[in-house]
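Novice: Sharing target-v6.txt here; it has compact mmCIF, C-alpha atoms.
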# COMPACT_ATOMS: atom_id res chain seq x y z
CA MET A 788 -27.49 10.85 -18.28
CA VAL A 789 -26.50 7.29 -17.45
CA ASP A 790 -27.60 4.66 -19.94
CA LYS A 791 -28.01 1.25 -18.27
CA TRP A 792 -28.16 -2.13 -19.99
CA ASN A 793 -27.04 -5.72 -19.41
CA ILE A 794 -24.27 -7.72 -20.98
CA THR A 795 -22.79 -11.20 -20.77
CA ILE A 796 -19.12 -12.18 -20.76
CA PRO A 797 -19.19 -15.78 -22.04
CA GLU A 798 -15.44 -16.19 -21.61
CA LEU A 799 -15.79 -15.57 -17.87
CA THR A 800 -19.33 -16.22 -16.63
CA GLY A 801 -21.24 -17.80 -19.50
CA GLU A 802 -24.79 -16.47 -19.92
CA GLU A 803 -24.93 -14.73 -16.54
CA GLU A 804 -25.83 -11.08 -17.06
CA ARG A 805 -24.19 -8.13 -15.41
CA GLY A 806 -24.89 -4.42 -15.62
CA VAL A 807 -23.33 -1.86 -17.92
CA TYR A 808 -23.38 1.85 -17.03
CA VAL A 809 -22.63 4.44 -19.72
CA TYR A 810 -22.47 8.11 -18.79
CA LEU A 811 -23.26 10.51 -21.63
CA PRO A 812 -22.36 14.20 -21.27
CA ASN A 813 -25.18 16.74 -21.25
CA SER A 814 -24.02 17.99 -24.63
CA TYR A 815 -24.45 14.54 -26.20
CA GLU A 816 -28.11 15.16 -27.06
CA TYR A 817 -27.91 18.72 -28.36
CA GLU A 818 -24.65 18.36 -30.31
CA PRO A 819 -25.55 15.41 -32.55
CA ASP A 820 -22.41 15.67 -34.70
CA ARG A 821 -19.97 15.73 -31.81
CA ARG A 822 -17.85 12.72 -30.88
CA TYR A 823 -16.35 11.99 -27.47
CA GLY A 824 -13.42 10.26 -25.85
CA VAL A 825 -14.20 7.35 -23.54
CA LEU A 826 -13.10 6.55 -19.99
CA TYR A 827 -13.53 2.86 -19.17
CA MET A 828 -13.95 2.06 -15.47
CA PHE A 829 -13.99 -1.11 -13.36
CA ASP A 830 -16.62 -1.96 -10.69
CA GLY A 831 -19.32 -0.17 -12.68
CA HIS A 832 -21.99 -0.68 -10.02
CA ASN A 833 -19.94 1.52 -7.65
CA VAL A 834 -19.36 4.41 -10.04
CA PHE A 835 -22.65 6.31 -10.32
CA PHE A 836 -25.40 5.31 -7.89
CA ASP A 837 -25.43 4.74 -4.13
CA SER A 838 -28.39 2.38 -4.59
CA ASP A 839 -26.26 0.00 -6.68
CA ALA A 840 -22.98 0.32 -4.78
CA THR A 841 -21.70 -2.64 -2.79
CA TYR A 842 -21.39 -0.68 0.45
CA GLY A 843 -24.12 1.89 -0.21
CA LYS A 844 -21.72 4.65 -1.31
CA CYS A 845 -20.69 5.26 -4.92
CA TRP A 846 -17.95 7.42 -6.40
CA GLY A 847 -20.37 10.17 -7.40
CA MET A 848 -19.00 10.35 -10.94
CA LYS A 849 -22.30 11.50 -12.46
CA GLU A 850 -22.53 14.50 -10.15
CA TYR A 851 -18.94 15.47 -10.88
CA MET A 852 -19.33 15.12 -14.64
CA ASP A 853 -22.63 17.03 -14.71
CA THR A 854 -21.32 19.83 -12.51
CA THR A 855 -18.10 20.30 -14.47
CA GLY A 856 -19.61 19.70 -17.90
CA THR A 857 -16.71 17.40 -18.77
CA PRO A 858 -17.14 16.24 -22.41
CA LEU A 859 -16.32 12.58 -21.90
CA ILE A 860 -18.23 9.30 -22.09
CA ILE A 861 -17.73 6.89 -19.18
CA ALA A 862 -18.33 3.17 -19.79
CA ALA A 863 -18.30 0.94 -16.71
CA VAL A 864 -19.12 -2.75 -16.26
CA GLU A 865 -20.32 -4.40 -13.07
CA CYS A 866 -17.83 -6.76 -11.47
CA ASN A 867 -18.26 -10.49 -10.86
CA HIS A 868 -20.03 -10.91 -7.50
CA SER A 869 -19.47 -14.67 -7.26
CA PRO A 870 -18.67 -15.79 -3.68
CA ASP A 871 -15.93 -17.92 -5.21
CA HIS A 872 -13.75 -14.77 -5.34
CA GLY A 873 -14.97 -14.00 -8.86
CA ARG A 874 -13.99 -10.34 -8.68
CA LEU A 875 -10.46 -11.09 -7.47
CA LYS A 876 -9.93 -13.62 -10.26
CA GLU A 877 -11.20 -11.33 -13.02
CA TYR A 878 -9.27 -8.33 -11.71
CA THR A 879 -5.76 -9.75 -11.44
CA PRO A 880 -3.13 -10.42 -14.12
CA PHE A 881 -1.13 -12.46 -11.59
CA PRO A 882 -2.09 -15.56 -9.59
CA PHE A 883 -1.67 -14.96 -5.87
CA GLU A 884 -2.48 -16.38 -2.47
CA VAL A 885 -3.75 -14.82 0.75
CA LYS A 886 -4.64 -16.46 4.05
CA GLU A 887 -8.29 -15.46 4.01
CA PHE A 888 -9.02 -16.60 0.44
CA GLY A 889 -6.43 -19.20 -0.49
CA LYS A 890 -5.11 -19.37 -4.05
CA ILE A 891 -6.58 -16.91 -6.55
CA GLU A 892 -6.48 -17.78 -10.23
CA ALA A 893 -5.50 -14.98 -12.62
CA LYS A 894 -8.17 -14.15 -15.22
CA GLY A 895 -7.16 -10.55 -15.80
CA GLU A 896 -5.91 -11.26 -19.32
CA ILE A 897 -9.28 -12.79 -20.26
CA THR A 898 -11.01 -9.75 -18.79
CA MET A 899 -8.88 -7.27 -20.73
CA ASP A 900 -9.10 -9.22 -23.99
CA TRP A 901 -12.88 -9.10 -23.68
CA MET A 902 -12.83 -5.40 -22.83
CA VAL A 903 -10.75 -4.31 -25.83
CA HIS A 904 -12.01 -6.79 -28.42
CA THR A 905 -15.70 -7.05 -27.47
CA PHE A 906 -16.86 -4.37 -25.03
CA LYS A 907 -14.96 -1.45 -26.58
CA LYS A 908 -16.24 -2.40 -30.01
CA GLU A 909 -19.80 -2.41 -28.67
CA ILE A 910 -19.37 1.00 -27.06
CA ASP A 911 -17.91 2.40 -30.28
CA ARG A 912 -20.84 0.93 -32.22
CA ARG A 913 -23.58 2.23 -29.92
CA TYR A 914 -22.23 5.70 -29.18
CA ARG A 915 -20.50 8.59 -30.93
CA THR A 916 -17.01 7.91 -29.66
CA LEU A 917 -13.50 8.92 -30.67
CA PRO A 918 -12.21 5.33 -30.70
CA ASP A 919 -8.49 5.98 -31.20
CA ARG A 920 -5.88 5.46 -28.47
CA ALA A 921 -5.42 9.17 -27.81
CA HIS A 922 -9.04 9.48 -26.67
CA THR A 923 -9.34 6.19 -24.77
CA PHE A 924 -8.63 6.05 -21.02
CA ILE A 925 -9.14 3.56 -18.18
CA ALA A 926 -9.53 3.87 -14.40
CA GLY A 927 -10.31 1.88 -11.29
CA SER A 928 -9.57 1.44 -7.61
CA SER A 929 -8.13 -1.38 -5.50
CA MET A 930 -8.08 -4.49 -7.74
CA GLY A 931 -9.59 -2.28 -10.44
CA GLY A 932 -6.64 0.04 -9.94
CA LEU A 933 -4.28 -2.88 -10.48
CA MET A 934 -6.16 -3.73 -13.68
CA SER A 935 -5.96 -0.13 -14.89
CA LEU A 936 -2.18 -0.19 -14.47
CA TYR A 937 -2.05 -3.57 -16.23
CA ALA A 938 -4.18 -2.22 -19.08
CA LEU A 939 -1.89 0.76 -19.61
CA LEU A 940 1.21 -1.47 -19.68
CA ASP A 941 0.05 -4.52 -21.63
CA TYR A 942 -2.77 -2.99 -23.72
CA SER A 943 -1.05 0.26 -24.62
CA PRO A 944 -2.26 0.17 -28.26
CA TYR A 945 -5.74 0.85 -26.85
CA PHE A 946 -5.23 3.09 -23.79
CA SER A 947 -3.12 6.24 -23.68
CA ARG A 948 -3.89 7.26 -20.10
CA ALA A 949 -4.94 5.52 -16.89
CA ALA A 950 -5.87 6.28 -13.29
CA ALA A 951 -4.99 3.67 -10.66
CA LEU A 952 -6.44 4.62 -7.27
CA SER A 953 -5.23 2.54 -4.32
CA PRO A 954 -4.04 -0.17 -6.75
CA SER A 955 -3.52 -3.61 -5.26
CA LEU A 956 0.24 -3.59 -5.82
CA TRP A 957 0.66 -6.12 -3.00
CA VAL A 958 -0.67 -8.88 -5.26
CA SER A 959 2.69 -9.17 -7.04
CA PRO A 960 5.18 -6.28 -6.76
CA LYS A 961 7.83 -8.38 -8.52
CA GLY A 962 5.45 -9.26 -11.32
CA LEU A 963 4.56 -5.61 -11.81
CA LEU A 964 8.21 -4.54 -11.95
CA GLU A 965 8.86 -7.17 -14.62
CA MET A 966 5.74 -6.10 -16.53
CA ILE A 967 6.88 -2.47 -16.50
CA GLU A 968 10.34 -3.50 -17.72
CA ASP A 969 8.86 -5.48 -20.62
CA ALA A 970 6.22 -2.93 -21.62
CA GLU A 971 6.48 -1.19 -24.99
CA LEU A 972 4.93 2.24 -24.49
CA PRO A 973 4.50 5.14 -26.90
CA SER A 974 5.84 8.48 -25.70
CA GLY A 975 3.30 10.60 -23.87
CA THR A 976 1.72 7.69 -21.98
CA VAL A 977 0.13 9.13 -18.81
CA LEU A 978 -0.65 7.55 -15.43
CA TYR A 979 -2.28 8.89 -12.28
CA MET A 980 -1.53 6.66 -9.26
CA ASP A 981 -2.29 7.28 -5.60
CA TYR A 982 -2.62 5.68 -2.19
CA GLY A 983 -4.37 6.78 0.98
CA GLU A 984 -2.12 7.56 3.93
CA LYS A 985 -4.16 5.38 6.28
CA GLU A 986 -4.26 2.34 3.99
CA LEU A 987 -0.51 2.04 3.46
CA SER A 988 -0.25 -0.11 6.59
CA ASN A 989 -2.82 -2.62 5.29
CA HIS A 990 -0.09 -4.68 3.61
CA GLN A 991 3.54 -5.28 4.56
CA ASP A 992 6.13 -3.08 2.82
CA LEU A 993 3.44 -1.46 0.66
CA LEU A 994 5.00 2.01 0.75
CA ARG A 995 8.36 0.58 -0.32
CA SER A 996 6.72 -1.33 -3.17
CA TYR A 997 4.80 1.78 -4.21
CA GLY A 998 8.04 3.77 -4.34
CA LYS A 999 9.88 1.14 -6.38
CA ILE A 1000 7.03 0.78 -8.85
CA ALA A 1001 6.60 4.56 -9.21
CA ALA A 1002 10.33 4.97 -9.88
CA LYS A 1003 10.28 2.15 -12.44
CA LEU A 1004 7.28 3.70 -14.22
CA MET A 1005 9.04 7.05 -14.52
CA LYS A 1006 12.26 5.39 -15.70
CA LYS A 1007 10.17 3.72 -18.40
CA GLY A 1008 9.09 7.16 -19.60
CA ILE A 1009 5.53 7.21 -18.27
CA LEU A 1010 4.31 10.68 -17.34
CA LEU A 1011 3.33 9.88 -13.76
CA GLU A 1012 1.19 11.89 -11.36
CA SER A 1013 1.79 10.21 -7.97
CA ARG A 1014 0.08 11.16 -4.71
CA ILE A 1015 -0.15 9.93 -1.13
CA ILE A 1016 -3.51 11.20 0.11
CA PRO A 1017 -3.40 12.82 3.59
CA GLY A 1018 -5.86 10.87 5.73
CA GLY A 1019 -6.92 8.81 2.70
CA THR A 1020 -8.56 5.42 3.27
CA HIS A 1021 -9.59 2.42 1.16
CA CYS A 1022 -13.20 3.29 0.32
CA GLU A 1023 -15.43 4.95 -2.27
CA ALA A 1024 -15.84 8.12 -0.20
CA SER A 1025 -12.07 8.64 -0.23
CA TRP A 1026 -11.78 7.86 -3.94
CA GLU A 1027 -14.62 10.29 -4.69
CA ARG A 1028 -12.52 13.10 -3.20
CA GLN A 1029 -9.74 12.28 -5.66
CA ILE A 1030 -11.93 12.66 -8.77
CA PRO A 1031 -10.81 16.24 -9.57
CA PHE A 1032 -7.17 15.19 -9.30
CA PHE A 1033 -7.25 12.10 -11.51
CA MET A 1034 -9.64 13.63 -14.03
CA ASP A 1035 -7.35 16.63 -14.39
CA THR A 1036 -4.46 14.26 -15.10
CA LEU A 1037 -6.43 12.19 -17.61
CA LEU A 1038 -7.59 15.25 -19.52
CA TYR A 1039 -4.60 17.58 -19.07
CA GLU A 1040 -3.65 18.76 -22.55
CA ALA A 1041 -5.38 15.68 -23.97
CA VAL A 1042 -6.02 15.66 -27.70
CA GLU A 1043 -9.25 17.50 -28.55
The structure given in the file should be rewritten as structure tokens.

Specialist:
Amino acid sequence: MVDKWNITIPELTGEEERGVYVYLPNSYEYEPDRRYGVLYMFDGHNVFFDSDATYGKCWGMKEYMDTTGTPLIIAAVECNHSPDHGRLKEYTPFPFEVKEFGKIEAKGEITMDWMVHTFKKEIDRRYRTLPDRAHTFIAGSSMGGLMSLYALLDYSPYFSRAAALSPSLWVSPKGLLEMIEDAELPSGTVLYMDYGEKELSNHQDLLRSYGKIAAKLMKKGILLESRIIPGGTHCEASWERQIPFFMDTLLYEAVE
């Protein structure tokens, strides 16, 4: 079941509403005393339903969760669709500039502060969650993948594991390396990170940056599952095929 409701983020878009999607496992109704871990995801409109997805194709997370019976809540918030590059601004911890868009302001810290201090509290209030760090995960793709990596590094008191699919490392490889160096991470912190083979040429020196960042993450002590996807591309259909891989990493020997 996917519970849908609307929310505002005053710090970012005032009173403008955006959608919230919360997946509840099948067992949620018939095991009323059971509590569940939570996976937070970016680009919520692309996670569950083709009809809501930006390009008409979602990740198919509901079908995967229902079929596998995975006992996990998924909480996902719709992105900012503003033509003024609202999504890029909200999903980056670093300011950056590209030819097509010009200068992009960094509002990723505002986004994450809202997520952990407001949205997470609301999810924990509404649903039977296990709110501790050990049972709280985060995932996303592209700019959402960048934000998932950022969340694991700079908001480690809240998130123990993350999945960063096709993360936008090109935004600031140097900034990421410095962030990893400065991060204070508990032992056992887990990250799944991947890139599609066919998208590596989308940005200059991306494979080299990926390698440097992966090596730095492992040196920091993060338990990293790293993959280059044969034939993988930058789209929801490709990310959907990676669901079994990143979900296995997020839940592998996770605390019950």

Novice: Segment 857-965 of chain A near segment 972-990 of chain A within 12 Å: what's each residue's closest atom pair and its distance in Å to one decimal, counting only C-alpha atoms, ordered by chain then ascending residue number, as a tab-separated table?

Specialist:
residue	atom	partner	partner_atom	distance
A:Val885	CA	A:His990	CA	11.2
A:Arg920	CA	A:Thr976	CA	10.2
A:Ala921	CA	A:Thr976	CA	9.3
A:His922	CA	A:Thr976	CA	11.9
A:Thr923	CA	A:Thr976	CA	11.5
A:Phe924	CA	A:Val977	CA	9.5
A:Ile925	CA	A:Leu978	CA	9.8
A:Ala926	CA	A:Tyr979	CA	9.1
A:Gly927	CA	A:Met980	CA	10.2
A:Ser928	CA	A:Asp981	CA	9.5
A:Ser929	CA	A:Tyr982	CA	9.5
A:Gly932	CA	A:Met980	CA	8.4
A:Leu933	CA	A:Met980	CA	10.0
A:Ser935	CA	A:Leu978	CA	9.4
A:Leu936	CA	A:Leu978	CA	7.9
A:Tyr937	CA	A:Leu978	CA	11.2
A:Ala938	CA	A:Leu978	CA	11.0
A:Leu939	CA	A:Leu978	CA	8.1
A:Leu940	CA	A:Leu972	CA	7.1
A:Asp941	CA	A:Leu972	CA	8.8
A:Tyr942	CA	A:Leu972	CA	9.3
A:Ser943	CA	A:Leu972	CA	6.3
A:Pro944	CA	A:Leu972	CA	8.4
A:Tyr945	CA	A:Leu972	CA	11.0
A:Phe946	CA	A:Thr976	CA	8.5
A:Ser947	CA	A:Thr976	CA	5.3
A:Arg948	CA	A:Val977	CA	4.6
A:Ala949	CA	A:Leu978	CA	5.0
A:Ala950	CA	A:Tyr979	CA	4.6
A:Ala951	CA	A:Met980	CA	4.8
A:Leu952	CA	A:Asp981	CA	5.2
A:Ser953	CA	A:Tyr982	CA	4.6
A:Pro954	CA	A:Tyr982	CA	7.6
A:Ser955	CA	A:His990	CA	9.6
A:Leu956	CA	A:His990	CA	9.5
A:Trp957	CA	A:His990	CA	6.8
A:Val958	CA	A:His990	CA	9.8
A:Ser959	CA	A:His990	CA	11.9
A:Pro960	CA	A:His990	CA	11.7

Novice: Could you check how far atom CA of Glu877 of chain A sits from atom CA of Lys894 of chain A, in Å to one decimal?

Specialist: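 Atom CA of Glu877 of chain A sits 4.7 Å away from atom CA of Lys894 of chain A.
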
Novice: Which residue gives the smallest distance to Ile796 of chain A among A:Met902, A:Ile891, A:Ile1030, A:Leu826, with only C-alpha atoms counted?

Specialist: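 Nearest to Ile796 of chain A: A:Met902.
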
Novice: Provide the atom CA of Gly873 of chain A to atom CA of Leu799 of chain A distance in Å, to one decimal place.

Specialist: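 Pair atom CA of Gly873 of chain A / atom CA of Leu799 of chain A returns 9.2 Å.
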
Novice: Contacts of Met934 of chain A at 8 Å or less, counting only C-alpha atoms, minus same-chain residues fewer than 4 places along, as an mmCIF file with C-alpha atoms, in the frame of the given file?

Specialist:
data_model
loop_
_atom_site.group_PDB
_atom_site.id
_atom_site.type_symbol
_atom_site.label_atom_id
_atom_site.label_comp_id
_atom_site.auth_asym_id
_atom_site.auth_seq_id
_atom_site.Cartn_x
_atom_site.Cartn_y
_atom_site.Cartn_z
ATOM 1 C CA TYR A 878 -9.270 -8.330 -11.710
ATOM 2 C CA THR A 879 -5.760 -9.750 -11.440
ATOM 3 C CA PRO A 880 -3.130 -10.420 -14.120
ATOM 4 C CA GLY A 895 -7.160 -10.550 -15.800
ATOM 5 C CA GLY A 927 -10.310 1.880 -11.290
ATOM 6 C CA MET A 930 -8.080 -4.490 -7.740
ATOM 7 C CA ALA A 938 -4.180 -2.220 -19.080
#

Novice: In Å, with one decimal, what is the gap from atom CA of Ala840 of chain A to atom CA of Pro870 of chain A?

Specialist: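 Computed distance, atom CA of Ala840 of chain A to atom CA of Pro870 of chain A, equals 16.7 Å.
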
Novice: Find the residues near Ala1024 of chain A: any atom within 7 Å, counting only C-alpha atoms, skip ones fewer than 3 places away on the same chain, and give them as JSON, numbers by chain.

Specialist: {"A": [844, 846, 1027, 1028]}

Novice: Write a file of the just-selected residues containing C-alpha atoms, as an mmCIF file, keeping the file's coordinate frame.

Specialist:
data_model
loop_
_atom_site.group_PDB
_atom_site.id
_atom_site.type_symbol
_atom_site.label_atom_id
_atom_site.label_comp_id
_atom_site.auth_asym_id
_atom_site.auth_seq_id
_atom_site.Cartn_x
_atom_site.Cartn_y
_atom_site.Cartn_z
ATOM 1 C CA LYS A 844 -21.720 4.650 -1.310
ATOM 2 C CA TRP A 846 -17.950 7.420 -6.400
ATOM 3 C CA GLU A 1027 -14.620 10.290 -4.690
ATOM 4 C CA ARG A 1028 -12.520 13.100 -3.200
#

Novice: Quick one: residues within 12 Å of Asp871 of chain A, only C-alpha atoms, excluding same-chain residues fewer than 4 positions away - as a ChimeraX atom specification?

Specialist: /A:867,875-877,888-892

Novice: Which residues come within 10 Å of Val789 of chain A, counting only C-alpha atoms, excluding same-chain residues fewer than 6 positions away, as a PyMOL selection string?

Specialist: chain A and resi 807-812+835-836+849+860-862

Novice: Create the file for the chosen residues now, containing C-alpha atoms and written as a PDB file, in the coordinates of the input.

Specialist:
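And here is the file that came out, selection11.pdb:
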ATOM      1  CA  VAL A 807     -23.330  -1.860 -17.920  1.00  0.00           C
ATOM      2  CA  TYR A 808     -23.380   1.850 -17.030  1.00  0.00           C
ATOM      3  CA  VAL A 809     -22.630   4.440 -19.720  1.00  0.00           C
ATOM      4  CA  TYR A 810     -22.470   8.110 -18.790  1.00  0.00           C
ATOM      5  CA  LEU A 811     -23.260  10.510 -21.630  1.00  0.00           C
ATOM      6  CA  PRO A 812     -22.360  14.200 -21.270  1.00  0.00           C
ATOM      7  CA  PHE A 835     -22.650   6.310 -10.320  1.00  0.00           C
ATOM      8  CA  PHE A 836     -25.400   5.310  -7.890  1.00  0.00           C
ATOM      9  CA  LYS A 849     -22.300  11.500 -12.460  1.00  0.00           C
ATOM     10  CA  ILE A 860     -18.230   9.300 -22.090  1.00  0.00           C
ATOM     11  CA  ILE A 861     -17.730   6.890 -19.180  1.00  0.00           C
ATOM     12  CA  ALA A 862     -18.330   3.170 -19.790  1.00  0.00           C
TER      13      ALA A 862
END

Novice: Measuring between all atoms listed in the file, which one of A:Asn793, A:Ser1013, A:Ser869, A:Thr857 shows the shortest distance to Tyr815 of chain A?

Specialist: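 Counting all atoms listed in the file, the residue closest to Tyr815 of chain A is A:Thr857.
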
Novice: Just add N, CA and C atoms to segment 935-961 of chain A and send it as a short mmCIF file (atom, residue, chain, number, x, y, z; two decimals), in the frame of the given file.

Specialist:
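part-v3.cif, freshly written:
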data_model
loop_
_atom_site.label_atom_id
_atom_site.label_comp_id
_atom_site.auth_asym_id
_atom_site.auth_seq_id
_atom_site.Cartn_x
_atom_site.Cartn_y
_atom_site.Cartn_z
N SER A 935 -6.18 -1.33 -14.08
CA SER A 935 -5.96 -0.13 -14.89
C SER A 935 -4.48 0.03 -15.22
N LEU A 936 -3.63 -0.24 -14.24
CA LEU A 936 -2.18 -0.19 -14.47
C LEU A 936 -1.77 -1.27 -15.47
N TYR A 937 -2.30 -2.46 -15.30
CA TYR A 937 -2.05 -3.57 -16.23
C TYR A 937 -2.49 -3.20 -17.64
N ALA A 938 -3.66 -2.60 -17.77
CA ALA A 938 -4.18 -2.22 -19.08
C ALA A 938 -3.26 -1.22 -19.77
N LEU A 939 -2.77 -0.24 -19.02
CA LEU A 939 -1.89 0.76 -19.61
C LEU A 939 -0.58 0.14 -20.08
N LEU A 940 -0.07 -0.86 -19.35
CA LEU A 940 1.21 -1.47 -19.68
C LEU A 940 1.11 -2.51 -20.78
N ASP A 941 0.12 -3.39 -20.69
CA ASP A 941 0.05 -4.52 -21.63
C ASP A 941 -0.95 -4.31 -22.76
N TYR A 942 -1.79 -3.28 -22.67
CA TYR A 942 -2.77 -2.99 -23.72
C TYR A 942 -2.60 -1.55 -24.18
N SER A 943 -1.35 -1.13 -24.26
CA SER A 943 -1.05 0.26 -24.62
C SER A 943 -1.52 0.66 -26.02
N PRO A 944 -1.71 -0.26 -26.97
CA PRO A 944 -2.26 0.17 -28.26
C PRO A 944 -3.69 0.72 -28.14
N TYR A 945 -4.35 0.42 -27.03
CA TYR A 945 -5.74 0.85 -26.85
C TYR A 945 -5.90 2.02 -25.88
N PHE A 946 -5.06 2.10 -24.85
CA PHE A 946 -5.23 3.09 -23.79
C PHE A 946 -4.00 3.99 -23.70
N SER A 947 -4.23 5.29 -23.76
CA SER A 947 -3.12 6.24 -23.68
C SER A 947 -2.91 6.76 -22.27
N ARG A 948 -3.96 6.72 -21.45
CA ARG A 948 -3.89 7.26 -20.10
C ARG A 948 -4.70 6.39 -19.14
N ALA A 949 -4.26 6.35 -17.89
CA ALA A 949 -4.94 5.52 -16.89
C ALA A 949 -4.89 6.19 -15.53
N ALA A 950 -5.86 5.84 -14.69
CA ALA A 950 -5.87 6.28 -13.29
C ALA A 950 -5.99 5.03 -12.42
N ALA A 951 -5.01 4.82 -11.56
CA ALA A 951 -4.99 3.67 -10.66
C ALA A 951 -5.05 4.18 -9.23
N LEU A 952 -6.25 4.15 -8.63
CA LEU A 952 -6.44 4.62 -7.27
C LEU A 952 -6.30 3.45 -6.31
N SER A 953 -5.46 3.60 -5.30
CA SER A 953 -5.23 2.54 -4.32
C SER A 953 -5.03 1.18 -4.99
N PRO A 954 -4.18 1.10 -6.02
CA PRO A 954 -4.04 -0.17 -6.75
C PRO A 954 -3.47 -1.27 -5.86
N SER A 955 -3.94 -2.47 -6.08
CA SER A 955 -3.52 -3.61 -5.26
C SER A 955 -2.14 -4.10 -5.67
N LEU A 956 -1.14 -3.27 -5.44
CA LEU A 956 0.24 -3.59 -5.82
C LEU A 956 0.77 -4.79 -5.05
N TRP A 957 0.20 -5.04 -3.87
CA TRP A 957 0.66 -6.12 -3.00
C TRP A 957 0.47 -7.50 -3.62
N VAL A 958 -0.40 -7.59 -4.62
CA VAL A 958 -0.67 -8.88 -5.26
C VAL A 958 0.61 -9.49 -5.81
N SER A 959 1.43 -8.67 -6.49
CA SER A 959 2.69 -9.17 -7.04
C SER A 959 3.60 -8.00 -7.42
N PRO A 960 4.26 -7.39 -6.44
CA PRO A 960 5.18 -6.28 -6.76
C PRO A 960 6.25 -6.70 -7.77
N LYS A 961 6.80 -7.90 -7.60
CA LYS A 961 7.83 -8.38 -8.52
C LYS A 961 7.27 -8.53 -9.93
#
